[in-house]
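Report on the following structure.
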Amino acid sequence: MNALRVIRRKIMTPNRSATRMDVRGFHVKSPEARTLLETVGGTFLDGYGIAAEARTPAAAEAPLATVPMRFRGFAHEGAAMAFAVRDGLRPGGRNVERFLAGAGADHIYMAYVGVGWAMARLPRIRWSTLHSPDPLLRWLVLDGYGFHQAYFRTERYVHDLYEDSSLPWRDTAARDYASRATDQGIGRALWFIGGTDVDVVTGLVERFPRRRWPDLYSGIGLAATYAGGATEAELTALWDHAKDYRPQLAQGAAFAAGARATANLICPHNEVATRIFCGQPVALAQKVTDEAKVDLPGDDQVPAFEVWRQRISDAFARSGHYALTATEQK
């Protein structure tokens, strides 16, 4: 049985070269940025491979826990994708459910995003097998789907500005929001595609129709905060460049703060980013996300997830932080 699991891992796991910047055709800002982004991608695949081989989700917990703290969330994201793929390929599978009941619970944001990666790799007829029971966080599945499409189908989704407006989605009352949730994932991918180079990343955004910019900047704020790869000076340049989209940048950064804090994976670069984008440390940015979640309405024409995001943006706006230039923040 061990040999069969090893074979399953080899068959299921994508080649590590798929995460190389030159293979993807992504911009390389510097050797350091390249190493960081390729390590993120490689660690994702490590997590995927661990889950592909594991007999049960519980068996994956120990090896996932050994991943260095800065990259551990990405390993859990990859693991969630593998468990979701396994569930999609085998009727009755409950791997994601069990993963979320165990080690995946602390990485719930990343796990839902990982399920979205699986969505991109499974035939649509199997999408109903994807386990994402939380009606608020399940929009992150589409975020993960958008990231995957932009990362692996960059020409179509980024350079040709493709927008999939026909995605089938279970929340029919708010189905029109699906393309916006996907754009949030595309925005995260732009941070990788642009190699964490602020000029390149913002240049990519500006090729899109302006109506898509708010969600793209939200994703960029999340990726810049969670993954890092930019200096304090570069992050302040991003803040100054965003101008009218600072609320979305801050909201994305606050989501990253919540994801890092919930998993107890806070790193120095997270604190730098939330101070610039949110005007406060990670712990307080996470508190904003928690407070904004209280008494959310049910999904209607505007899903509760978007109400939550807007509340977070509004909270930072009331602080007056949006009006400050990077120089004034100091």
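Residues are referred to by chain and number: the chain letter is A, B, ... according to the order shown in the structure tokens, the number counts from 1 in that chain, and ligands are numbered separately from 1 in the order shown.
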
Name the residues in contact with Tyr245 (chain A) at a cut-off of 9 Å, using only C-alpha atoms, excluding same-chain residues fewer than 6 positions from it; report them as a VMD selection string. chain A and resid 213 to 214 217 to 218 239

Counting only C-alpha atoms, which residues of region 30-56 of chain A fall within 12 Å of region 117-125 of chain A, and what is the closest atom pair for each with its distance in Å at one decimal, ordered by chain and rising number, as CSV?
```
residue,atom,partner,partner_atom,distance
A:Phe44,CA,A:Trp117,CA,11.1
A:Leu45,CA,A:Trp117,CA,11.8
A:Tyr48,CA,A:Ala118,CA,10.7
```

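Considering only C-alpha atoms, the residue among A:Arg318, A:Leu137, A:Ala181, A:Gly229 positioned nearest to Pro31 (chain A) is A:Gly229.
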
Distance query Arg94 (chain A) at most 12 Å, only C-alpha atoms, self and fewer than 5 positions along chain excluded, as a list in words: Thr56, Pro57, Ala80, Phe83, Ala84, Val85, Arg86, Asp87, Gly88, Leu89, Phe99, Leu100, Ala101, Thr129, Leu130, His131 and Ser132 of chain A

Using C-alpha atoms, can you write the selected residues to a file as a short mmCIF file (atom, residue, chain, number, x, y, z; two decimals), in the first residue's frame?
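Result file part.cif:
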```cif
data_model
loop_
_atom_site.label_atom_id
_atom_site.label_comp_id
_atom_site.auth_asym_id
_atom_site.auth_seq_id
_atom_site.Cartn_x
_atom_site.Cartn_y
_atom_site.Cartn_z
CA THR A 56 -5.60 10.01 5.41
CA PRO A 57 -5.64 13.78 6.05
CA ALA A 80 -6.17 21.15 0.30
CA PHE A 83 -7.39 16.35 -1.12
CA ALA A 84 -10.05 18.09 -3.21
CA VAL A 85 -8.74 16.47 -6.39
CA ARG A 86 -8.81 13.07 -4.68
CA ASP A 87 -12.41 13.70 -3.61
CA GLY A 88 -13.32 14.78 -7.12
CA LEU A 89 -11.84 11.67 -8.68
CA PHE A 99 -8.67 18.01 6.59
CA LEU A 100 -10.73 21.04 7.68
CA ALA A 101 -11.70 19.21 10.86
CA THR A 129 -18.00 17.27 -5.09
CA LEU A 130 -15.92 20.18 -3.80
CA HIS A 131 -16.35 20.56 -0.05
CA SER A 132 -16.71 24.21 0.99
#
```

Need to verify the contact set: Glu234 (chain A), 10 Å, only C-alpha atoms, exclusion of same-chain residues closer than 3 positions in sequence. Can you return it as number ranges by chain? A: 196-199, 229-231, 237-240

Contacts of Val307 (chain A) at 10 Å (only C-alpha atoms; same-chain gap of 4+ positions) as a list in words: Ala292, Lys293, Leu296, Pro297, Gly298, Asp299, Val302, Pro303, Arg311, Ile312 and Ser313 of chain A

Can you pull out every residue within 12 Å of Ala283 (chain A), counting only C-alpha atoms, but drop anything in the same chain fewer than 5 positions away, and send it as a PyMOL selection string? chain A and resi 253-262+264-267+270-271+274-275+278+288-290

Excluding Gly73 (chain A) and residues on its chain fewer than 3 positions from it, collect all residues at most 7 Å away from it, counting only C-alpha atoms, and give them as a ChimeraX atom specification. /A:76-77,107,110

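Residue nearest Leu140 (chain A) within the list A:Asp164, A:His159, A:Phe192, A:Gly219: A:Gly219 [criterion: smallest interatomic distance, only C-alpha atoms].
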
Report, in Å to a single decimal, how far apart CA of Ala285 (chain A) and CA of Asp244 (chain A) are. 20.1 Å

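Residue nearest Gly102 (chain A) within the list A:Glu61, A:Ala273, A:Arg188, A:Thr35: A:Glu61 [criterion: smallest interatomic distance, only C-alpha atoms].
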